[in-house]
>>> print(open('model14.pdb').read())   # PDB, C-alpha atoms
ATOM      1  CA  MET M1302      -6.373 -20.043 -25.878
ATOM      2  CA  LYS M1303      -8.433 -18.435 -23.129
ATOM      3  CA  GLN M1304      -8.308 -14.683 -22.553
ATOM      4  CA  VAL M1305      -7.469 -13.902 -18.941
ATOM      5  CA  LYS M1306      -9.384 -10.897 -17.588
ATOM      6  CA  PHE M1307      -8.000 -10.385 -14.076
ATOM      7  CA  THR M1308      -4.716 -10.961 -12.249
ATOM      8  CA  VAL M1309      -4.219 -11.330  -8.502
ATOM      9  CA  ALA M1310      -0.616 -10.376  -7.692
ATOM     10  CA  ILE M1311       0.915 -11.265  -4.325
ATOM     11  CA  PRO M1312       4.290  -9.655  -3.567
ATOM     12  CA  THR M1313       5.933 -11.569  -0.746
ATOM     13  CA  TYR M1314       9.136 -11.533   1.274
ATOM     14  CA  ASN M1315       9.868 -14.532   3.505
ATOM     15  CA  GLY M1316       6.198 -15.423   3.325
ATOM     16  CA  GLU M1317       6.406 -19.199   3.825
ATOM     17  CA  LYS M1318       4.054 -19.055   6.831
ATOM     18  CA  ARG M1319       1.710 -16.348   5.548
ATOM     19  CA  LEU M1320       1.385 -17.110   1.862
ATOM     20  CA  PRO M1321      -0.483 -20.456   2.120
ATOM     21  CA  LYS M1322      -3.392 -18.799   3.914
ATOM     22  CA  VAL M1323      -3.794 -16.304   1.076
ATOM     23  CA  LEU M1324      -3.560 -18.959  -1.636
ATOM     24  CA  ASP M1325      -6.045 -21.204   0.157
ATOM     25  CA  LYS M1326      -8.553 -18.355   0.391
ATOM     26  CA  LEU M1327      -8.106 -17.503  -3.264
ATOM     27  CA  ARG M1328      -9.020 -21.093  -4.117
ATOM     28  CA  GLU M1329     -12.364 -20.478  -2.408
ATOM     29  CA  GLN M1330     -13.363 -17.456  -4.508
ATOM     30  CA  ILE M1331     -16.970 -17.352  -5.707
ATOM     31  CA  ASN M1332     -18.840 -15.660  -8.583
ATOM     32  CA  THR M1333     -15.853 -15.855 -10.936
ATOM     33  CA  GLU M1334     -17.388 -18.316 -13.408
ATOM     34  CA  HIS M1335     -18.032 -15.665 -16.085
ATOM     35  CA  PHE M1336     -14.401 -14.543 -16.472
ATOM     36  CA  ASP M1337     -10.938 -16.087 -16.430
ATOM     37  CA  TRP M1338      -8.300 -14.953 -13.974
ATOM     38  CA  GLU M1339      -4.832 -15.850 -12.708
ATOM     39  CA  ILE M1340      -2.678 -15.709  -9.587
ATOM     40  CA  LEU M1341       0.851 -14.343  -9.745
ATOM     41  CA  VAL M1342       3.274 -14.653  -6.817
ATOM     42  CA  VAL M1343       6.263 -12.301  -6.879
ATOM     43  CA  ASP M1344       8.947 -13.540  -4.494
ATOM     44  CA  ASN M1345      10.890 -10.425  -3.470
ATOM     45  CA  ASN M1346      14.256 -12.067  -2.790
ATOM     46  CA  SER M1347      13.038 -14.293   0.045
ATOM     47  CA  LYS M1348      15.558 -16.219   2.135
ATOM     48  CA  ASP M1349      13.124 -18.845   3.397
ATOM     49  CA  SER M1350      11.244 -21.630   1.601
ATOM     50  CA  THR M1351       8.701 -19.387  -0.155
ATOM     51  CA  ALA M1352       9.730 -20.715  -3.580
ATOM     52  CA  GLU M1353       9.274 -24.337  -2.477
ATOM     53  CA  ILE M1354       5.881 -23.536  -0.987
ATOM     54  CA  VAL M1355       4.643 -22.127  -4.304
ATOM     55  CA  LYS M1356       6.147 -24.990  -6.315
ATOM     56  CA  ASN M1357       4.312 -27.504  -4.127
ATOM     57  CA  TYR M1358       1.062 -25.648  -4.736
ATOM     58  CA  GLN M1359       1.751 -25.681  -8.480
ATOM     59  CA  LYS M1360       2.339 -29.449  -8.478
ATOM     60  CA  ASN M1361      -1.079 -30.040  -6.926
ATOM     61  CA  TRP M1362      -2.886 -27.190  -8.680
ATOM     62  CA  SER M1363      -6.139 -28.372 -10.251
ATOM     63  CA  GLU M1364      -7.904 -25.016 -10.558
ATOM     64  CA  ALA M1365      -9.066 -23.581 -13.889
ATOM     65  CA  TYR M1366      -6.950 -20.474 -13.310
ATOM     66  CA  ASP M1367      -3.148 -20.406 -13.406
ATOM     67  CA  LEU M1368      -0.755 -19.999 -10.482
ATOM     68  CA  ARG M1369       2.495 -18.401 -11.669
ATOM     69  CA  TYR M1370       5.718 -17.618  -9.789
ATOM     70  CA  TYR M1371       8.426 -14.998 -10.364
ATOM     71  CA  PHE M1372      11.538 -14.151  -8.395
ATOM     72  CA  GLU M1373      12.394 -10.445  -8.092
ATOM     73  CA  VAL M1374      15.928 -10.020  -6.807
ATOM     74  CA  GLU M1375      15.782  -6.256  -6.128
ATOM     75  CA  GLN M1376      14.609  -5.770  -2.568
ATOM     76  CA  GLY M1377      11.632  -3.514  -1.899
ATOM     77  CA  ALA M1378       7.890  -3.813  -2.381
ATOM     78  CA  ALA M1379       7.894  -1.164  -5.126
ATOM     79  CA  PHE M1380      10.168  -3.340  -7.275
ATOM     80  CA  ALA M1381       8.002  -6.407  -6.656
ATOM     81  CA  ARG M1382       4.943  -4.449  -7.809
ATOM     82  CA  GLN M1383       6.760  -3.250 -10.914
ATOM     83  CA  ARG M1384       7.587  -6.866 -11.743
ATOM     84  CA  ALA M1385       3.982  -7.933 -11.195
ATOM     85  CA  ILE M1386       2.691  -5.237 -13.541
ATOM     86  CA  ARG M1387       5.142  -6.341 -16.242
ATOM     87  CA  GLU M1388       4.287 -10.027 -15.910
ATOM     88  CA  ALA M1389       0.493  -9.737 -15.562
ATOM     89  CA  LYS M1390      -1.435 -10.819 -18.651
ATOM     90  CA  THR M1391      -4.397  -8.598 -17.881
ATOM     91  CA  GLU M1392      -5.434  -4.950 -17.847
ATOM     92  CA  LEU M1393      -6.674  -5.174 -14.251
ATOM     93  CA  VAL M1394      -4.134  -6.271 -11.635
ATOM     94  CA  GLY M1395      -5.326  -6.772  -8.064
ATOM     95  CA  PHE M1396      -2.624  -6.667  -5.392
ATOM     96  CA  LEU M1397      -2.794  -8.464  -2.047
ATOM     97  CA  ASP M1398      -0.126  -8.428   0.650
ATOM     98  CA  ASP M1399       0.843 -11.847   1.940
ATOM     99  CA  ASP M1400      -0.703 -11.089   5.346
ATOM    100  CA  VAL M1401      -4.062 -10.041   3.893
ATOM    101  CA  ILE M1402      -6.915 -12.536   3.632
ATOM    102  CA  PRO M1403      -9.536 -11.630   0.993
ATOM    103  CA  ALA M1404     -13.252 -12.222   1.390
ATOM    104  CA  SER M1405     -14.611 -15.057  -0.743
ATOM    105  CA  ASP M1406     -15.962 -12.607  -3.335
ATOM    106  CA  TRP M1407     -12.954 -10.247  -3.443
ATOM    107  CA  VAL M1408     -11.865 -11.188  -6.967
ATOM    108  CA  ALA M1409     -15.390 -10.879  -8.362
ATOM    109  CA  ALA M1410     -15.985  -7.541  -6.605
ATOM    110  CA  ALA M1411     -12.670  -6.186  -7.911
ATOM    111  CA  TYR M1412     -13.289  -7.306 -11.485
ATOM    112  CA  GLU M1413     -16.842  -5.953 -11.616
ATOM    113  CA  PHE M1414     -15.808  -2.564 -10.228
ATOM    114  CA  GLY M1415     -13.067  -2.293 -12.832
ATOM    115  CA  GLN M1416     -15.624  -2.872 -15.590
ATOM    116  CA  LYS M1417     -18.074  -0.365 -14.124
ATOM    117  CA  TYR M1418     -15.507   2.429 -13.611
ATOM    118  CA  PRO M1419     -13.181   2.485 -16.641
ATOM    119  CA  GLN M1420     -11.877   5.908 -15.599
ATOM    120  CA  ALA M1421     -10.465   4.410 -12.387
ATOM    121  CA  GLY M1422      -6.706   4.021 -12.696
ATOM    122  CA  ALA M1423      -6.670   2.368  -9.287
ATOM    123  CA  PHE M1424      -9.076   1.503  -6.492
ATOM    124  CA  GLY M1425      -8.965  -0.008  -3.041
ATOM    125  CA  GLY M1426     -11.548  -1.499  -0.725
ATOM    126  CA  GLN M1427     -12.261  -2.095   2.919
ATOM    127  CA  ILE M1428      -9.346  -3.379   4.992
ATOM    128  CA  HIS M1429     -10.301  -4.624   8.437
ATOM    129  CA  GLY M1430      -7.842  -5.318  11.223
ATOM    130  CA  ASP M1431      -7.400  -8.936  12.312
ATOM    131  CA  PHE M1432      -5.555  -8.384  15.587
ATOM    132  CA  GLU M1433      -3.564 -11.105  17.342
ATOM    133  CA  VAL M1434      -4.169  -9.237  20.612
ATOM    134  CA  PRO M1435      -6.667  -6.461  21.341
ATOM    135  CA  PRO M1436      -5.347  -3.065  20.170
ATOM    136  CA  PRO M1437      -4.777  -0.311  22.746
ATOM    137  CA  GLU M1438      -7.446   2.196  23.677
ATOM    138  CA  ASN M1439      -8.054   4.895  21.062
ATOM    139  CA  PHE M1440      -6.128   2.887  18.465
ATOM    140  CA  LYS M1441      -8.504   4.009  15.716
ATOM    141  CA  ARG M1442      -6.755   7.400  15.775
ATOM    142  CA  ILE M1443      -3.652   5.817  14.227
ATOM    143  CA  GLN M1444      -4.978   2.626  12.616
ATOM    144  CA  SER M1445      -4.543   3.988   9.088
ATOM    145  CA  PHE M1446      -0.775   3.604   9.503
ATOM    146  CA  LEU M1447      -1.367  -0.166   9.580
ATOM    147  CA  ALA M1448      -3.275  -0.008   6.269
ATOM    148  CA  ILE M1449      -6.710  -0.307   7.880
ATOM    149  CA  ARG M1450      -9.414   1.369   5.772
ATOM    150  CA  GLU M1451     -13.083   1.441   6.728
ATOM    151  CA  ARG M1452     -14.612   4.320   4.787
ATOM    152  CA  GLY M1453     -18.277   3.345   4.737
ATOM    153  CA  LEU M1454     -20.541   1.441   2.370
ATOM    154  CA  LYS M1455     -20.667   3.826  -0.598
ATOM    155  CA  ALA M1456     -18.173   3.975  -3.452
ATOM    156  CA  HIS M1457     -16.427   7.338  -3.706
ATOM    157  CA  LEU M1458     -13.335   9.075  -5.009
ATOM    158  CA  TYR M1459     -10.204   9.333  -2.903
ATOM    159  CA  SER M1460      -8.466  12.715  -2.494
ATOM    160  CA  PRO M1461      -4.913  12.351  -3.845
ATOM    161  CA  GLU M1462      -4.240  16.073  -3.466
ATOM    162  CA  LYS M1463      -4.577  15.558   0.302
ATOM    163  CA  LEU M1464      -2.591  12.284   0.221
ATOM    164  CA  ILE M1465      -5.774  10.396   1.078
ATOM    165  CA  LEU M1466      -5.276   7.200  -0.902
ATOM    166  CA  PRO M1467      -5.730   3.432  -0.666
ATOM    167  CA  PRO M1468      -2.791   1.356   0.598
ATOM    168  CA  SER M1469      -1.230  -1.331  -1.568
ATOM    169  CA  ALA M1470      -2.176  -4.051   0.927
ATOM    170  CA  SER M1471      -5.359  -4.473  -1.098
ATOM    171  CA  TRP M1472      -5.850  -2.479  -4.279
ATOM    172  CA  VAL M1473      -6.433  -2.891  -8.012
ATOM    173  CA  ILE M1474      -4.327  -1.190 -10.678
ATOM    174  CA  ARG M1475      -5.252  -0.550 -14.304
ATOM    175  CA  LYS M1476      -2.130  -1.647 -16.161
ATOM    176  CA  LYS M1477      -2.330   1.028 -18.869
ATOM    177  CA  ALA M1478      -2.572   3.806 -16.268
ATOM    178  CA  TRP M1479       0.567   2.458 -14.592
ATOM    179  CA  LEU M1480       2.671   1.756 -17.679
ATOM    180  CA  ASP M1481       1.869   5.090 -19.307
ATOM    181  CA  ASN M1482       2.600   7.251 -16.276
ATOM    182  CA  VAL M1483       4.595   5.586 -13.504
ATOM    183  CA  PRO M1484       8.406   5.813 -13.763
ATOM    184  CA  SER M1485      10.039   2.440 -14.346
ATOM    185  CA  ARG M1486      12.469   3.234 -11.545
ATOM    186  CA  PRO M1487      10.637   4.280  -8.343
ATOM    187  CA  THR M1488      12.215   6.846  -6.032
ATOM    188  CA  LEU M1489      10.567   5.269  -2.987
ATOM    189  CA  GLY M1490      11.379   1.573  -3.058
ATOM    190  CA  GLY M1491       9.657   0.573   0.166
ATOM    191  CA  ARG M1492      10.942  -0.924   3.372
ATOM    192  CA  ALA M1493      14.204  -2.744   2.692
ATOM    193  CA  LYS M1494      17.756  -3.037   4.019
ATOM    194  CA  GLY M1495      16.778  -1.658   7.413
ATOM    195  CA  SER M1496      14.925   1.374   6.030
ATOM    196  CA  MET M1497      11.344   2.038   7.096
ATOM    197  CA  ILE M1498      10.787   4.867   4.595
ATOM    198  CA  GLN M1499       7.493   4.258   2.862
ATOM    199  CA  GLY M1500       5.266   6.113   0.419
ATOM    200  CA  ASP M1501       6.132   3.527  -2.243
ATOM    201  CA  ASP M1502       2.446   2.665  -2.677
ATOM    202  CA  TYR M1503       1.276   6.286  -2.903
ATOM    203  CA  GLU M1504       3.967   7.315  -5.405
ATOM    204  CA  PRO M1505       2.529   5.438  -8.443
ATOM    205  CA  LEU M1506      -1.027   6.481  -7.588
ATOM    206  CA  LEU M1507      -0.016  10.135  -7.576
ATOM    207  CA  TYR M1508       1.610   9.820 -10.991
ATOM    208  CA  MET M1509      -1.573   8.222 -12.335
ATOM    209  CA  HIS M1510      -3.745  10.908 -10.774
ATOM    210  CA  LYS M1511      -1.490  13.621 -12.216
ATOM    211  CA  ALA M1512      -2.188  12.158 -15.667
ATOM    212  CA  GLY M1513      -5.947  12.377 -15.137
ATOM    213  CA  TRP M1514      -6.855   8.931 -13.819
ATOM    214  CA  GLU M1515      -9.267   8.638 -10.898
ATOM    215  CA  ILE M1516      -8.567   6.779  -7.646
ATOM    216  CA  TRP M1517     -11.638   5.120  -6.121
ATOM    217  CA  TYR M1518     -12.847   3.401  -2.975
ATOM    218  CA  ASN M1519     -14.832   0.202  -3.563
ATOM    219  CA  PRO M1520     -16.540  -0.994  -0.360
ATOM    220  CA  GLU M1521     -17.460  -4.338  -1.933
ATOM    221  CA  MET M1522     -13.806  -5.428  -1.849
ATOM    222  CA  GLN M1523     -13.191  -6.592   1.709
ATOM    223  CA  VAL M1524     -10.096  -8.132   3.279
ATOM    224  CA  ALA M1525      -8.738  -8.864   6.754
ATOM    225  CA  HIS M1526      -5.225  -7.607   7.507
ATOM    226  CA  HIS M1527      -3.450  -9.729  10.117
ATOM    227  CA  ILE M1528      -1.813  -7.529  12.770
ATOM    228  CA  PRO M1529       0.549  -9.501  15.042
ATOM    229  CA  LYS M1530       1.285  -8.384  18.584
ATOM    230  CA  SER M1531       4.724  -7.082  17.582
ATOM    231  CA  ARG M1532       3.181  -4.434  15.329
ATOM    232  CA  LEU M1533       1.353  -2.897  18.259
ATOM    233  CA  GLU M1534       4.529  -2.280  20.241
ATOM    234  CA  LYS M1535       5.654   1.298  20.659
ATOM    235  CA  ASP M1536       9.064   1.005  18.995
ATOM    236  CA  TYR M1537       7.583  -0.553  15.867
ATOM    237  CA  LEU M1538       4.735   1.947  15.601
ATOM    238  CA  ILE M1539       7.021   4.949  16.068
ATOM    239  CA  SER M1540       9.397   3.644  13.408
ATOM    240  CA  LEU M1541       6.495   2.879  11.065
ATOM    241  CA  ILE M1542       4.963   6.334  11.451
ATOM    242  CA  ARG M1543       8.329   8.042  11.017
ATOM    243  CA  GLY M1544       8.892   6.152   7.769
ATOM    244  CA  SER M1545       5.368   6.942   6.572
ATOM    245  CA  CYS M1546       5.709  10.678   7.206
ATOM    246  CA  LEU M1547       9.257  11.558   6.166
ATOM    247  CA  CYS M1548       8.149  11.035   2.564
ATOM    248  CA  ILE M1549       5.172  13.432   2.792
ATOM    249  CA  CYS M1550       6.952  16.388   1.196
ATOM    250  CA  TYR M1551       8.300  14.256  -1.656
ATOM    251  CA  LEU M1552       4.827  12.886  -2.375
ATOM    252  CA  ARG M1553       3.265  16.349  -2.411
ATOM    253  CA  MET M1554       5.856  17.490  -4.943
ATOM    254  CA  ILE M1555       4.795  14.891  -7.526
ATOM    255  CA  GLY M1556       1.778  16.873  -8.693
ATOM    256  CA  ALA M1557       3.211  20.333  -7.971
ATOM    257  CA  LYS M1558       4.411  22.965 -10.418
ATOM    258  CA  THR M1559       7.991  24.201  -9.959
ATOM    259  CA  TRP M1560       6.954  27.579  -8.577
ATOM    260  CA  GLU M1561       4.638  25.917  -6.037
ATOM    261  CA  LYS M1562       7.279  23.719  -4.413
ATOM    262  CA  PRO M1563       8.881  26.263  -2.029
ATOM    263  CA  PHE M1564       5.434  27.276  -0.788
ATOM    264  CA  ILE M1565       4.475  23.624  -0.235
ATOM    265  CA  MET M1566       7.592  23.088   1.860
ATOM    266  CA  VAL M1567       6.883  26.128   4.009
ATOM    267  CA  LYS M1568       3.208  25.153   4.366
ATOM    268  CA  ILE M1569       4.121  21.629   5.504
ATOM    269  CA  MET M1570       6.582  22.908   8.090
ATOM    270  CA  LEU M1571       4.345  25.637   9.508
ATOM    271  CA  GLY M1572       1.303  23.369   9.589
ATOM    272  CA  SER M1573       3.228  20.586  11.307
ATOM    273  CA  LEU M1574       4.768  22.999  13.809
ATOM    274  CA  LYS M1575       1.335  24.371  14.667
ATOM    275  CA  ARG M1576      -0.102  20.890  15.205
ATOM    276  CA  THR M1577       2.928  19.885  17.293
ATOM    277  CA  ILE M1578       2.434  22.828  19.657
ATOM    278  CA  GLN M1579      -1.317  22.193  19.903
ATOM    279  CA  HIS M1580      -0.654  18.526  20.652
ATOM    280  CA  ILE M1581       1.802  19.345  23.445
ATOM    281  CA  VAL M1582      -0.613  21.852  24.972
ATOM    282  CA  LYS M1583      -3.423  19.292  24.882
ATOM    283  CA  TYR M1584      -1.577  16.189  26.134
ATOM    284  CA  LYS M1585       1.431  17.649  27.989
ATOM    285  CA  TRP M1586       3.560  14.789  29.410
ATOM    286  CA  GLN M1587       1.222  12.194  27.962
ATOM    287  CA  VAL M1588       3.041  12.614  24.644
ATOM    288  CA  ARG M1589       5.754  10.493  26.281
ATOM    289  CA  THR M1590       3.686   8.084  28.340
ATOM    290  CA  ASP M1591       0.561   7.495  26.247
ATOM    291  CA  LEU M1592       1.106   5.248  23.205
ATOM    292  CA  ILE M1593      -1.386   6.913  20.889
ATOM    293  CA  ALA M1594      -0.374  10.457  21.867
ATOM    294  CA  SER M1595       3.287   9.501  21.316
ATOM    295  CA  CYS M1596       2.501   8.132  17.856
ATOM    296  CA  GLU M1597       0.606  11.274  16.926
ATOM    297  CA  MET M1598       3.526  13.386  18.098
ATOM    298  CA  GLU M1599       5.838  11.366  15.845
ATOM    299  CA  PHE M1600       3.445  12.019  12.957
ATOM    300  CA  TYR M1601       3.689  15.789  13.439
ATOM    301  CA  LEU M1602       7.452  15.821  13.987
ATOM    302  CA  SER M1603       8.224  13.606  10.999
ATOM    303  CA  SER M1604       5.882  15.641   8.810
ATOM    304  CA  PHE M1605       7.804  18.753   9.880
ATOM    305  CA  ALA M1606      11.074  17.037   8.945
ATOM    306  CA  SER M1607       9.827  15.751   5.578
ATOM    307  CA  PRO M1608      10.981  18.826   3.563
ATOM    308  CA  PHE M1609      14.517  18.202   4.827
ATOM    309  CA  TYR M1610      14.266  14.551   3.785
ATOM    310  CA  PHE M1611      12.997  15.693   0.376
ATOM    311  CA  LEU M1612      15.992  18.015  -0.077
ATOM    312  CA  LYS M1613      18.375  15.265   1.027
ATOM    313  CA  THR M1614      16.839  12.861  -1.519
ATOM    314  CA  LEU M1615      17.035  15.528  -4.230
ATOM    315  CA  LEU M1616      20.700  16.240  -3.568
ATOM    316  CA  LEU M1617      21.550  12.553  -3.493
ATOM    317  CA  SER M1618      19.816  11.904  -6.801
ATOM    318  CA  ARG M1619      21.725  14.761  -8.444
ATOM    319  CA  ARG M1620      25.042  13.390  -7.204
ATOM    320  CA  LEU M1621      24.236   9.983  -8.623
ATOM    321  CA  SER M1622      23.069  11.331 -11.987
TER     322      SER M1622
END
>>> encode(input="model14.pdb", output="structure tokens")
Amino acid sequence: MKQVKFTVAIPTYNGEKRLPKVLDKLREQINTEHFDWEILVVDNNSKDSTAEIVKNYQKNWSEAYDLRYYFEVEQGAAFARQRAIREAKTELVGFLDDDVIPASDWVAAAYEFGQKYPQAGAFGGQIHGDFEVPPPENFKRIQSFLAIRERGLKAHLYSPEKLILPPSASWVIRKKAWLDNVPSRPTLGGRAKGSMIQGDDYEPLLYMHKAGWEIWYNPEMQVAHHIPKSRLEKDYLISLIRGSCLCICYLRMIGAKTWEKPFIMVKIMLGSLKRTIQHIVKYKWQVRTDLIASCEMEFYLSSFASPFYFLKTLLLSRRLS
């Protein structure tokens, strides 16, 4: 029986139109002859024909590597990732969103990096934007909120203490680092049931980092993230940024000592208030009329509000316990 060395996990929700493009590109991977790998699709409670799409691929699957399918009923990307980690047969698990198209050598680049850096609990690569329509002027100032990462051509460590981390759209997880340190029940489940609160991809990385694992950037792993026109509209971007920032205080608490937590809350609020005032002074009424300035304002305001969201989450969890 062959020993599988690498897993590609694809969490998907209603991905019948997006998923085939990812699977087709994975069938074109090169430089993988010296190791065995597998593809694992985790259907996160889809309501469309995602399951049938995968079954049709399986019927006509002639590749040397396996294509497996699992249905995860609990809604939220964090739960789909937990399921993928449990079901993966390998120590290295590479995650791809269903709207992310990997370069033809993505699997090989991910596997080789994992062998070269055994101290890396997780690592991400370059994520380029594949825009349906041209993005607005100065979009690069906020492009990170759409999981775009272009951090140069040299491998380097991320800075978890500053919440500078790779997004789950394209990353690789070392299974041992996850299983030993990440809670089986995530606090931040991801966007689901109308909620845009995020941070569900940063939460496990911070637990791994707290335990001593390193988080790396691997420029050899390159993907294209499809950005439809709807994701460039103001309402969507504001909602996305709000959901990304309300969890900031919670995320900073993961690695903090008990006595540090009140000071972190005060620091977040004062820092955000300062940046809010500076932003208003600089842009004045443009914070309402200019898309990018409006998004940046939402970033500062939601960061300021994140300690209150943290306290609300804390109180709720105590009531439920």
>>> resolve_selection(input="model14.pdb", expression="the PyMOL selection byres ((chain M and resi 1540) around 12)", output="list in words")
Phe1446, Arg1492, Gly1495, Ser1496, Met1497, Ile1498, Gln1499, Arg1532, Leu1533, Glu1534, Lys1535, Asp1536, Tyr1537, Leu1538, Ile1539, Leu1541, Ile1542, Arg1543, Gly1544, Ser1545, Cys1546, Leu1547, Ser1595, Cys1596, Glu1599, Phe1600 and Ser1603 of chain M
>>> residues_around(input="model14.pdb", residues="Ile1386 (chain M)", least_positions_apart="4", cutoff="10 Å", atoms="all atoms listed in the file", output="list in words")
Thr1308, Ala1310, Phe1380, Ala1381, Arg1382, Lys1390, Thr1391, Glu1392, Leu1393, Val1394, Gly1395, Phe1396, Ile1474, Arg1475, Lys1476, Lys1477, Trp1479 and Leu1480 of chain M
>>> closest_atom_pairs(input="model14.pdb", of="region 1397-1433 of chain M", to="region 1313-1325 of chain M", cutoff="9 Å", atoms="only C-alpha atoms", output="CSV")
residue,atom,partner,partner_atom,distance
M:Leu1397,CA,M:Val1323,CA,8.5
M:Asp1398,CA,M:Thr1313,CA,7.0
M:Asp1399,CA,M:Leu1320,CA,5.3
M:Asp1400,CA,M:Arg1319,CA,5.8
M:Val1401,CA,M:Val1323,CA,6.9
M:Ile1402,CA,M:Val1323,CA,5.5
M:Pro1403,CA,M:Val1323,CA,7.4
>>> residues_around(input="model14.pdb", residues="His1510 (chain M)", least_positions_apart="5", cutoff="9 Å", atoms="all atoms listed in the file", output="count of residues only")
7
>>> closest_residue(input="model14.pdb", among="M:Glu1561, M:Lys1530, M:Ile1311, M:Met1566", to="Tyr1371 (chain M)", atoms="all atoms listed in the file")
M:Ile1311
>>> resolve_selection(input="model14.pdb", expression="the PyMOL selection byres ((chain M and resi 1500) around 8)", output="PyMOL selection string")
chain M and resi 1489+1491+1498-1499+1501-1504+1545+1548-1549+1552
>>> atom_distance(input="model14.pdb", atom1="CA of Pro1468 (chain M)", atom2="CA of Tyr1366 (chain M)")
26.2 Å
>>> closest_residue(input="model14.pdb", among="M:Gln1383, M:Ser1471, M:Gln1587, M:Gln1523", to="His1429 (chain M)", atoms="only C-alpha atoms")
M:Gln1523
>>> closest_residue(input="model14.pdb", among="M:Asn1332, M:Ser1445, M:Asn1519, M:Thr1488", to="Val1473 (chain M)", atoms="only C-alpha atoms")
M:Asn1519
